[in-house]
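Reproduced below: start_4.txt, with compact mmCIF, C-alpha atoms.
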# COMPACT_ATOMS: atom_id res chain seq x y z
CA MET L 19 161.21 28.64 -0.03
CA ARG L 20 161.01 28.48 3.75
CA LEU L 21 162.34 32.05 4.06
CA ALA L 22 159.74 33.32 1.57
CA LYS L 23 156.91 31.75 3.61
CA GLU L 24 158.12 33.40 6.81
CA ARG L 25 158.26 36.79 5.09
CA ASN L 26 154.68 36.42 3.77
CA GLY L 27 153.41 35.57 7.25
CA GLN L 28 154.23 39.06 8.46
CA PHE L 29 151.44 40.46 6.28
CA ILE L 30 148.86 38.90 8.57
CA ILE L 31 150.26 40.86 11.50
CA ILE L 32 150.44 44.06 9.46
CA ALA L 33 146.83 43.55 8.31
CA ALA L 34 145.72 42.98 11.91
CA MET L 35 147.49 46.19 13.02
CA LEU L 36 145.88 48.17 10.22
CA LEU L 37 142.50 46.70 11.16
CA SER L 38 143.07 47.66 14.80
CA ILE L 39 143.99 51.21 13.82
CA MET L 40 140.82 51.45 11.72
CA ILE L 41 138.65 50.13 14.55
CA ILE L 42 140.12 52.58 17.04
CA SER L 43 139.89 55.55 14.64
CA ILE L 44 136.30 54.93 13.60
CA SER L 45 135.20 54.20 17.14
CA THR L 46 136.81 57.39 18.42
CA VAL L 47 134.93 59.48 15.87
CA ILE L 48 131.62 57.73 16.64
CA TYR L 49 132.18 58.06 20.38
CA GLY L 50 132.91 61.78 20.03
CA THR L 51 129.76 62.30 17.98
CA VAL L 52 127.51 60.34 20.32
CA THR L 53 128.76 61.95 23.52
CA TYR L 54 129.15 65.53 22.30
CA TYR L 55 125.71 66.68 23.37
CA ARG L 56 125.79 64.60 26.54
CA GLN L 57 128.28 67.06 27.93
CA GLU L 58 125.95 69.98 27.25
CA ARG L 59 124.16 70.97 30.43
CA TRP L 60 120.39 70.61 30.26
CA GLU L 61 118.88 73.87 31.37
CA GLU L 62 115.46 73.63 32.95
CA TYR L 63 114.30 76.80 31.23
CA VAL L 64 114.34 74.92 27.91
CA THR L 65 111.61 72.69 29.33
CA ILE L 66 109.64 75.70 30.54
CA VAL L 67 109.89 77.51 27.20
CA ASP L 68 108.82 74.42 25.30
CA SER L 69 105.97 73.68 27.71
CA VAL L 70 104.66 77.27 27.61
CA LYS L 71 105.01 77.36 23.84
CA THR L 72 103.03 74.15 23.33
CA ALA L 73 100.40 75.20 25.84
CA SER L 74 100.01 78.64 24.21
CA SER L 75 99.37 76.96 20.87
CA ASN L 76 96.83 74.68 22.51
CA LEU L 77 95.24 77.72 24.13
CA LEU L 78 94.71 79.25 20.71
CA GLN L 79 92.99 76.07 19.63
CA ILE L 80 90.74 76.09 22.70
CA GLY L 81 89.90 79.75 22.06
CA LEU L 82 88.96 79.05 18.44
CA ALA L 83 86.81 76.09 19.50
CA ASN L 84 84.98 78.26 22.01
CA TYR L 85 84.58 81.13 19.52
CA THR L 86 83.12 78.91 16.79
CA GLN L 87 80.63 77.43 19.25
CA THR L 88 79.62 80.63 21.04
CA LEU L 89 80.60 83.36 18.51
CA ASN L 90 82.04 85.39 21.40
CA PRO L 91 84.79 87.45 19.69
CA ASN L 92 86.54 88.32 22.97
CA VAL L 93 87.17 84.73 24.02
CA THR L 94 90.81 84.44 22.86
CA ARG L 95 91.76 87.74 24.46
CA GLY L 96 90.09 86.68 27.70
CA TYR L 97 91.82 83.31 27.70
CA PHE L 98 95.26 84.82 27.09
CA ASN L 99 94.79 87.38 29.87
CA ARG L 100 94.03 84.56 32.30
CA TRP L 101 96.87 82.48 30.84
CA ILE L 102 99.44 85.19 31.58
CA ARG L 103 98.50 85.10 35.26
CA ASP L 104 98.26 81.31 35.51
CA VAL L 105 101.65 80.66 33.88
CA ARG L 106 103.31 82.82 36.54
CA ASN L 107 101.63 80.71 39.21
CA ALA L 108 102.54 77.42 37.51
CA TYR L 109 106.26 78.26 37.48
CA PRO L 110 106.79 80.30 40.64
CA GLY L 111 110.25 81.77 41.11
CA TYR L 112 111.27 81.63 37.45
CA GLY L 113 109.91 85.04 36.53
CA VAL L 114 108.00 83.68 33.57
CA ASP L 115 106.23 86.44 31.69
CA VAL L 116 104.02 85.78 28.67
CA ASP L 117 102.70 88.46 26.35
CA TYR L 118 100.64 88.19 23.18
CA ALA L 119 99.53 90.12 20.11
CA LEU L 120 96.32 88.96 18.45
CA THR L 121 96.37 89.19 14.68
CA SER L 122 94.12 91.77 13.04
CA GLY L 123 93.40 92.67 9.42
CA LEU L 124 93.67 90.82 6.14
CA ARG L 125 96.08 87.89 5.85
CA SER L 126 96.57 85.81 2.72
CA ALA L 127 97.06 82.12 3.32
CA TYR L 128 96.30 78.77 1.74
CA GLY L 129 95.22 80.45 -1.50
CA LEU L 130 91.96 81.62 0.02
CA ILE L 131 90.10 84.34 -1.87
CA PRO L 132 89.23 86.74 -0.37
CA PRO L 133 92.04 86.69 2.23
CA MET L 134 91.25 85.86 5.83
CA ASN L 135 90.03 88.88 7.75
CA TYR L 136 91.20 88.62 11.34
CA SER L 137 89.73 90.47 14.26
CA LEU L 138 91.05 89.88 17.79
CA GLY L 139 93.03 86.93 16.46
CA LEU L 140 89.97 85.20 14.99
CA ALA L 141 88.61 84.76 11.48
CA ARG L 142 85.84 82.72 9.94
CA ARG L 143 83.97 82.41 6.69
CA TRP L 144 80.95 80.15 6.90
CA ASN L 145 78.01 79.20 4.71
CA GLN L 146 80.17 79.11 1.60
CA GLN L 147 81.11 76.16 -0.58
CA THR L 148 84.56 76.46 0.98
CA SER L 149 84.31 77.52 4.58
CA TYR L 150 86.92 77.94 7.30
CA SER L 151 87.62 78.93 10.89
CA ALA L 152 91.03 80.31 11.85
CA SER L 153 92.95 81.81 14.73
CA ASN L 154 96.36 83.49 14.74
CA THR L 155 98.51 85.18 17.34
CA THR L 156 102.11 86.05 18.20
CA VAL L 157 103.28 85.04 21.66
CA SER L 158 106.29 86.40 23.51
CA ILE L 159 108.00 84.60 26.44
CA ASN L 160 110.42 86.18 28.92
CA ILE L 161 112.09 84.26 31.76
CA ALA L 162 113.74 86.73 34.11
CA SER L 163 115.59 84.11 36.19
CA VAL L 164 117.81 83.12 33.26
CA GLY L 165 117.86 86.46 31.41
CA LEU L 166 115.77 85.18 28.52
CA THR L 167 113.80 87.96 26.86
CA GLY L 168 111.93 88.38 23.60
CA TYR L 169 111.42 84.74 22.66
CA ASN L 170 108.68 85.23 20.07
CA PHE L 171 106.77 82.74 18.04
CA SER L 172 103.68 82.84 15.88
CA SER L 173 100.97 80.24 16.19
CA HIS L 174 97.88 79.56 14.17
CA VAL L 175 94.97 77.12 14.08
CA PHE L 176 92.92 76.43 10.99
CA LEU L 177 90.00 74.30 9.87
CA LYS L 178 88.67 74.27 6.32
CA MET L 179 85.84 72.27 4.79
CA SER L 180 84.94 72.27 1.10
CA ILE L 181 81.90 70.79 -0.60
CA ARG L 182 83.69 69.61 -3.71
CA ASP L 183 80.53 68.29 -5.36
CA ALA L 184 76.89 67.73 -4.47
CA VAL L 185 74.75 65.55 -6.74
CA TRP L 186 71.34 63.90 -6.63
CA TYR L 187 69.95 60.84 -8.36
CA THR L 188 66.92 58.57 -8.18
CA GLY L 189 66.69 54.80 -8.00
CA SER L 190 64.13 52.23 -6.83
CA GLY L 191 61.60 54.99 -6.35
CA LYS L 192 63.85 56.86 -3.92
CA TRP L 193 65.84 60.05 -4.13
CA TYR L 194 69.44 60.26 -3.02
CA VAL L 195 71.89 63.11 -2.50
CA LEU L 196 75.65 62.61 -2.38
CA MET L 197 78.04 65.25 -1.09
CA TYR L 198 81.80 64.97 -1.45
CA LEU L 199 83.68 66.90 1.24
CA THR L 200 87.33 67.59 1.91
CA VAL L 201 88.43 68.67 5.40
CA GLU L 202 91.85 70.16 6.12
CA LYS L 203 93.69 71.78 9.01
CA GLU L 204 96.87 73.87 9.39
CA GLY L 205 99.28 73.38 6.52
CA LEU L 206 96.36 72.04 4.48
CA GLU L 207 96.92 68.67 6.10
CA PRO L 208 93.87 66.46 5.50
CA ILE L 209 91.89 65.48 8.59
CA ILE L 210 91.06 61.81 8.20
CA SER L 211 89.90 60.84 11.69
CA LEU L 212 86.38 62.29 11.65
CA GLN L 213 83.38 60.18 12.61
CA THR L 214 79.78 60.41 11.45
CA SER L 215 78.98 62.24 14.68
CA SER L 216 81.52 64.93 13.72
CA PHE L 217 79.08 66.12 11.06
CA SER L 218 76.55 67.47 13.50
CA ASN L 219 74.03 68.76 10.96
CA VAL L 220 73.33 68.02 7.30
CA THR L 221 70.54 69.98 5.66
CA LEU L 222 68.79 70.04 2.30
CA ASN L 223 66.93 73.28 1.60
CA GLY L 224 67.39 74.10 5.27
CA VAL L 225 65.76 70.88 6.51
CA PRO L 226 67.91 68.58 8.69
CA GLN L 227 68.44 65.12 7.21
CA THR L 228 69.57 61.72 8.41
CA PHE L 229 72.65 60.52 6.55
CA THR L 230 75.46 58.00 6.33
CA MET L 231 79.14 58.86 5.92
CA ARG L 232 82.18 57.06 4.60
CA ARG L 233 85.75 58.15 3.93
CA TYR L 234 88.05 57.07 1.16
CA TYR L 235 90.72 58.37 -1.18
CA HIS L 236 89.19 59.79 -4.34
CA PRO L 237 91.61 59.96 -7.30
CA THR L 238 89.49 62.56 -9.11
CA TYR L 239 89.99 65.05 -6.28
CA SER L 240 93.46 63.70 -5.40
CA SER L 241 92.39 63.83 -1.80
CA PHE L 242 90.68 62.00 1.02
CA ILE L 243 86.96 62.49 0.68
CA TYR L 244 84.10 62.30 3.16
CA GLU L 245 81.07 61.09 1.25
CA ILE L 246 77.79 62.14 2.84
CA ARG L 247 74.80 60.20 1.56
CA VAL L 248 71.26 61.36 2.24
CA SER L 249 68.55 58.88 1.18
CA SER L 250 64.79 58.41 1.26
CA ILE L 251 63.94 61.98 0.48
CA THR L 252 60.68 62.39 -1.36
CA SER L 253 61.74 64.95 -3.93
CA LEU L 254 64.24 67.70 -4.60
CA PRO L 255 63.21 71.01 -6.18
CA PRO L 256 65.36 72.79 -8.76
CA ASN L 257 68.12 75.01 -7.34
CA ALA L 258 68.25 72.92 -4.20
CA SER L 259 70.75 73.87 -1.51
CA ALA L 260 72.76 71.73 0.89
CA GLY L 261 74.56 72.55 4.12
CA VAL L 262 76.97 70.66 6.36
CA THR L 263 78.04 71.57 9.89
CA LEU L 264 81.33 70.11 11.09
CA LEU L 265 82.67 69.91 14.63
CA ASP L 266 86.15 68.38 14.46
CA ASN L 267 87.97 66.41 17.16
CA ARG L 268 89.42 69.65 18.57
CA GLY L 269 85.95 71.12 19.03
CA ILE L 270 86.36 73.63 16.19
CA LYS L 271 83.28 74.25 14.09
CA THR L 272 82.69 75.33 10.51
CA VAL L 273 79.62 75.36 8.26
CA SER L 274 79.68 74.81 4.49
CA TYR L 275 76.81 75.52 2.14
CA THR L 276 76.15 75.14 -1.55
CA THR L 277 73.30 76.03 -3.86
CA ASN L 278 74.74 73.87 -6.58
CA VAL L 279 73.19 70.41 -6.10
CA GLN L 280 73.21 68.92 -9.58
CA GLN L 281 71.66 65.86 -11.14
CA GLN L 282 74.22 63.07 -11.53
CA MET Q 30 150.75 26.96 8.82
CA ARG Q 31 151.15 30.39 10.36
CA VAL Q 32 149.86 29.63 13.82
CA VAL Q 33 152.12 32.07 15.61
CA GLU Q 34 151.25 34.92 13.23
CA SER Q 35 147.53 34.18 13.56
CA ILE Q 36 147.73 34.22 17.36
CA MET Q 37 149.61 37.52 17.30
CA ALA Q 38 147.11 39.05 14.89
CA THR Q 39 144.22 37.93 17.08
CA LEU Q 40 145.88 39.39 20.16
CA ILE Q 41 146.38 42.72 18.39
CA VAL Q 42 142.69 42.97 17.43
CA ILE Q 43 141.55 41.85 20.91
CA SER Q 44 143.85 44.46 22.47
CA ALA Q 45 142.31 47.16 20.28
CA VAL Q 46 138.75 46.17 21.19
CA THR Q 47 139.61 45.92 24.91
CA PHE Q 48 141.20 49.36 24.82
CA LEU Q 49 138.05 50.78 23.24
CA TYR Q 50 135.81 49.11 25.80
CA PHE Q 51 137.48 50.98 28.65
CA PHE Q 52 138.09 54.19 26.69
CA ALA Q 53 134.54 54.58 25.41
CA SER Q 54 132.67 53.94 28.64
CA THR Q 55 129.84 56.46 29.02
CA PRO Q 56 130.43 59.13 31.67
CA SER Q 57 128.02 58.66 34.53
CA SER Q 58 127.01 60.84 37.43
CA GLN Q 59 123.87 61.40 39.50
CA ALA Q 60 123.36 64.90 38.12
CA HIS Q 61 123.87 63.64 34.60
CA ASP Q 62 121.28 60.86 35.01
CA THR Q 63 118.72 63.23 36.53
CA SER Q 64 119.21 65.64 33.64
CA GLU Q 65 118.67 62.82 31.15
CA LEU Q 66 115.50 61.75 32.95
CA GLU Q 67 114.15 65.32 32.89
CA LYS Q 68 114.67 65.52 29.17
CA MET Q 69 113.09 62.12 28.65
CA GLY Q 70 110.09 62.95 30.86
CA HIS Q 71 109.41 66.25 29.15
CA ASN Q 72 109.73 64.78 25.67
CA ILE Q 73 107.33 61.94 26.47
CA LEU Q 74 104.69 64.25 27.94
CA HIS Q 75 105.10 66.50 24.91
CA ASP Q 76 104.71 63.58 22.51
CA ILE Q 77 101.55 62.33 24.21
CA ASP Q 78 100.22 65.90 24.17
CA GLU Q 79 100.98 66.28 20.45
CA GLN Q 80 98.93 63.17 19.77
CA GLY Q 81 95.98 64.85 21.48
CA LEU Q 82 95.82 62.15 24.15
CA LEU Q 83 97.26 63.89 27.21
CA ALA Q 84 94.47 66.46 27.52
CA ARG Q 85 91.83 63.79 26.97
CA TYR Q 86 93.25 61.53 29.67
CA VAL Q 87 93.65 64.36 32.16
CA TYR Q 88 90.32 66.16 31.66
CA ARG Q 89 88.30 62.94 31.44
CA SER Q 90 90.15 61.49 34.45
CA GLU Q 91 91.29 58.46 32.43
CA TRP Q 92 94.10 57.78 34.91
CA GLY Q 93 94.49 54.13 33.88
CA ASN Q 94 95.06 55.10 30.25
CA LEU Q 95 97.48 57.83 31.30
CA THR Q 96 99.46 55.33 33.40
CA SER Q 97 99.57 52.89 30.48
CA ALA Q 98 100.68 55.58 28.01
CA LEU Q 99 103.56 56.62 30.27
CA SER Q 100 104.53 53.02 31.02
CA VAL Q 101 104.70 52.18 27.33
CA SER Q 102 106.66 55.33 26.47
CA LEU Q 103 109.31 55.14 29.21
CA PRO Q 104 112.10 52.55 29.41
CA ILE Q 105 111.26 49.63 31.66
CA ASN Q 106 113.98 50.53 34.19
CA VAL Q 107 112.62 54.05 34.70
CA TYR Q 108 110.01 54.40 37.45
CA PHE Q 109 107.57 57.30 37.49
CA SER Q 110 104.96 59.00 39.59
CA LEU Q 111 102.61 61.62 38.14
CA SER Q 112 100.40 64.08 40.01
CA VAL Q 113 97.77 66.31 38.40
CA TYR Q 114 96.94 69.62 40.07
CA ASP Q 115 94.53 72.45 39.38
CA MET Q 116 95.52 76.11 39.82
CA ASN Q 117 94.57 75.93 43.51
CA ASN Q 118 97.09 73.12 44.03
CA ASN Q 119 94.43 70.45 44.59
CA ASN Q 120 95.60 66.97 43.61
CA LEU Q 121 92.95 65.88 41.11
CA ASN Q 122 94.04 62.26 40.69
CA TYR Q 123 93.87 61.54 44.45
CA PRO Q 124 93.41 58.79 45.64
CA TYR Q 125 94.32 57.15 42.30
CA SER Q 126 98.06 56.66 42.04
CA ILE Q 127 99.50 57.28 38.57
CA GLN Q 128 102.78 55.48 38.99
CA TYR Q 129 104.97 52.62 37.92
CA GLY Q 130 107.47 50.94 40.22
CA ASP Q 131 107.74 50.29 43.90
CA GLN Q 132 107.23 53.30 46.15
CA GLN Q 133 110.31 52.14 48.03
CA VAL Q 134 112.45 52.94 44.97
CA PHE Q 135 111.38 56.59 45.13
CA SER Q 136 112.04 56.71 48.86
CA SER Q 137 115.51 55.21 48.63
CA SER Q 138 116.63 56.93 45.43
CA THR Q 139 119.27 59.64 45.79
CA GLY Q 140 118.31 61.45 42.57
CA VAL Q 141 114.76 62.20 41.45
CA ALA Q 142 114.03 64.08 38.22
CA SER Q 143 110.98 66.34 38.28
CA VAL Q 144 109.20 67.74 35.22
CA THR Q 145 106.40 70.32 35.35
CA TYR Q 146 104.04 70.37 32.35
CA ILE Q 147 101.03 72.63 31.96
CA LEU Q 148 97.83 72.06 30.02
CA PRO Q 149 95.65 75.14 29.37
CA GLY Q 150 92.34 73.33 28.84
CA TYR Q 151 90.39 70.89 26.76
CA GLN Q 152 88.09 71.30 23.77
CA ALA Q 153 86.49 74.74 24.16
CA ASN Q 154 87.09 75.24 27.88
CA TYR Q 155 89.95 77.08 29.57
CA ASN Q 156 90.79 75.21 32.76
CA PRO Q 157 94.56 74.81 33.38
CA ARG Q 158 96.07 71.67 34.86
CA ILE Q 159 99.63 71.31 36.14
CA LEU Q 160 101.26 67.93 35.72
CA VAL Q 161 104.24 67.05 37.91
CA LEU Q 162 106.10 63.97 36.69
CA LYS Q 163 108.77 62.45 38.94
CA LEU Q 164 111.21 59.94 37.51
CA VAL Q 165 113.89 57.70 39.01
CA ASN Q 166 116.15 55.02 37.63
CA GLY Q 167 115.11 51.60 38.88

Hey, can you dump this file as structure tokens for me?
Amino acid sequence: MRLAKERNGQFIIIAAMLLSIMIISISTVIYGTVTYYRQERWEEYVTIVDSVKTASSNLLQIGLANYTQTLNPNVTRGYFNRWIRDVRNAYPGYGVDVDYALTSGLRSAYGLIPPMNYSLGLARRWNQQTSYSASNTTVSINIASVGLTGYNFSSHVFLKMSIRDAVWYTGSGKWYVLMYLTVEKEGLEPIISLQTSSFSNVTLNGVPQTFTMRRYYHPTYSSFIYEIRVSSITSLPPNASAGVTLLDNRGIKTVSYTTNVQQQ
Amino acid sequence: MRVVESIMATLIVISAVTFLYFFASTPSSQAHDTSELEKMGHNILHDIDEQGLLARYVYRSEWGNLTSALSVSLPINVYFSLSVYDMNNNNLNYPYSIQYGDQQVFSSSTGVASVTYILPGYQANYNPRILVLKLVNG
């Protein structure tokens, strides 16, 4: 009996050794995984490429904002020409060279009909029930100091506003108009951070109106909706029209318009 | 009672853990730390830029907000100093000091990471700004 007990006691030691082997094995694998990329040398040009890439995309956004506010079609080209020179000055000694190709012609995207018609990297379709402003370009980065050439990427900026419905109704001797808007950006991602001041102009039959705005999720449209409410109007003729001008947080403008204001 | 076996088993496990502690210590060098800081600095500026805050802070001269954003984003033991320049190399945040940590730490540090980040403009206006972020381990 005593001998049997002593033999069983050895299992504790064997279990402890197995546990130790497991701890060491697993830890070695985890250590190798965690430290693998730490041994990779961080090249400064990666920072430069990423910085120039992000800034070029932002530049496109700035160009589109300026174009939609001034309607100057040469603005993006002008900005990129200055950008090429300024990037060289910002990273002296690296041999950074940026080139660009502004998109031209018809491009299908986001299911828009007709397709977007680009000229000098810019496209817009305003005063429609679904309106948009867009910009698209291909940028090329070369860094002579590290032998990097032909790093190309395409960038685009987009703003779309749709008047999903516009209705009028009367109550308490007053007339009211409700407009349900959806606003989306690149990738048809809904923009949900707009304020009342973002809607710079709301018109009925071409006459500017005061209005209130609220945002909520509307299950009927399966989307976030901006509800524009115009009140205290005296009357509304048949075939009334409504227009909304939007200036988003990036400074990009678009104008939607509908002739389909129906009684609720 | 298997006291002896238990003690031996405990010693085996403790030996394994002790071995790992020394084996798995992270390699450390001045160049390595500087490289890590550069990566960290660039990524944080990029993140703040992606949120649309960096351009707003810089072009509206909201230096206090910019300092707070960097302080919150960086580890507490990393000290920073940021300078904002225009294309003519004028320091636009002068005399405001966008920094966290004692100036003495920057002076005495043997390794300073430097990150250059460029902003093309804000809203509809092209007006480039160059941000130079310096980082040291506190």

Taking only C-alpha atoms into account, report as a short mmCIF file (atom, residue, chain, number, x, y, z; two decimals) with C-alpha atoms, keeping the file's coordinate frame which residues of chain L lie within 9 Å of chain Q.
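Contents of the output file result.cif:
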data_model
loop_
_atom_site.label_atom_id
_atom_site.label_comp_id
_atom_site.auth_asym_id
_atom_site.auth_seq_id
_atom_site.Cartn_x
_atom_site.Cartn_y
_atom_site.Cartn_z
CA LYS L 23 156.91 31.75 3.61
CA GLU L 24 158.12 33.40 6.81
CA GLY L 27 153.41 35.57 7.25
CA GLN L 28 154.23 39.06 8.46
CA PHE L 29 151.44 40.46 6.28
CA ILE L 30 148.86 38.90 8.57
CA ILE L 31 150.26 40.86 11.50
CA ILE L 32 150.44 44.06 9.46
CA ALA L 33 146.83 43.55 8.31
CA ALA L 34 145.72 42.98 11.91
CA MET L 35 147.49 46.19 13.02
CA LEU L 37 142.50 46.70 11.16
CA SER L 38 143.07 47.66 14.80
CA ILE L 39 143.99 51.21 13.82
CA ILE L 41 138.65 50.13 14.55
CA ILE L 42 140.12 52.58 17.04
CA SER L 45 135.20 54.20 17.14
CA THR L 46 136.81 57.39 18.42
CA TYR L 49 132.18 58.06 20.38
CA THR L 53 128.76 61.95 23.52
CA ARG L 56 125.79 64.60 26.54
CA GLN L 57 128.28 67.06 27.93
CA ARG L 59 124.16 70.97 30.43
CA TRP L 60 120.39 70.61 30.26
CA GLU L 61 118.88 73.87 31.37
CA GLU L 62 115.46 73.63 32.95
CA THR L 65 111.61 72.69 29.33
CA ILE L 66 109.64 75.70 30.54
CA ASP L 68 108.82 74.42 25.30
CA SER L 69 105.97 73.68 27.71
CA VAL L 70 104.66 77.27 27.61
CA THR L 72 103.03 74.15 23.33
CA ALA L 73 100.40 75.20 25.84
CA SER L 74 100.01 78.64 24.21
CA ASN L 76 96.83 74.68 22.51
CA LEU L 77 95.24 77.72 24.13
CA GLN L 79 92.99 76.07 19.63
CA ILE L 80 90.74 76.09 22.70
CA GLY L 81 89.90 79.75 22.06
CA LEU L 82 88.96 79.05 18.44
CA ALA L 83 86.81 76.09 19.50
CA ASN L 84 84.98 78.26 22.01
CA TYR L 85 84.58 81.13 19.52
CA GLN L 87 80.63 77.43 19.25
CA TYR L 97 91.82 83.31 27.70
CA ARG L 100 94.03 84.56 32.30
CA TRP L 101 96.87 82.48 30.84
CA ASP L 104 98.26 81.31 35.51
CA VAL L 105 101.65 80.66 33.88
CA ASN L 107 101.63 80.71 39.21
CA ALA L 108 102.54 77.42 37.51
CA TYR L 109 106.26 78.26 37.48
CA ASN L 267 87.97 66.41 17.16
CA ARG L 268 89.42 69.65 18.57
CA GLY L 269 85.95 71.12 19.03
CA ILE L 270 86.36 73.63 16.19
#

Margin query: Neighbouring residues of Glu91 (chain Q) were defined as those with any atom within 12 Å, considering all atoms listed in the file; residues of the same chain fewer than 3 positions away were excluded. Please report them as a VMD selection string.
Written below: chain Q and resid 82 to 88 94 to 98 113 121 to 122 125 to 127

Check: Hey, what's within 12 Å of Leu66 (chain Q) if we count all atoms listed in the file and toss same-chain stuff fewer than 4 positions away? As a VMD selection string, please?
Finding: (chain L and resid 60 62) or (chain Q and resid 59 to 62 70 to 73 103 to 104 106 to 109 140 to 144 162 to 167)

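Taking all atoms listed in the file, the non-local environment of Pro255 (chain L) within 12 Å (same-chain residues fewer than 2 positions away omitted) comprises Trp186, Trp193, Leu222, Asn223, Ile251, Thr252, Ser253, Asn257, Ala258, Ser259, Ala260, Thr277, Asn278, Val279, Gln280 and Gln281 of chain L.
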
Selection export as an mmCIF file, in the coordinates of the input, atoms kept: C-alpha atoms:
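The result, stored in part-v8.cif:
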data_model
loop_
_atom_site.group_PDB
_atom_site.id
_atom_site.type_symbol
_atom_site.label_atom_id
_atom_site.label_comp_id
_atom_site.auth_asym_id
_atom_site.auth_seq_id
_atom_site.Cartn_x
_atom_site.Cartn_y
_atom_site.Cartn_z
ATOM 1 C CA TRP L 186 71.340 63.900 -6.630
ATOM 2 C CA TRP L 193 65.840 60.050 -4.130
ATOM 3 C CA LEU L 222 68.790 70.040 2.300
ATOM 4 C CA ASN L 223 66.930 73.280 1.600
ATOM 5 C CA ILE L 251 63.940 61.980 0.480
ATOM 6 C CA THR L 252 60.680 62.390 -1.360
ATOM 7 C CA SER L 253 61.740 64.950 -3.930
ATOM 8 C CA ASN L 257 68.120 75.010 -7.340
ATOM 9 C CA ALA L 258 68.250 72.920 -4.200
ATOM 10 C CA SER L 259 70.750 73.870 -1.510
ATOM 11 C CA ALA L 260 72.760 71.730 0.890
ATOM 12 C CA THR L 277 73.300 76.030 -3.860
ATOM 13 C CA ASN L 278 74.740 73.870 -6.580
ATOM 14 C CA VAL L 279 73.190 70.410 -6.100
ATOM 15 C CA GLN L 280 73.210 68.920 -9.580
ATOM 16 C CA GLN L 281 71.660 65.860 -11.140
#

Check: Which of these residues is nearest to Thr221 (chain L), using all atoms listed in the file: L:Tyr187, L:Tyr234, L:Tyr118, L:Tyr275?
Finding: L:Tyr275
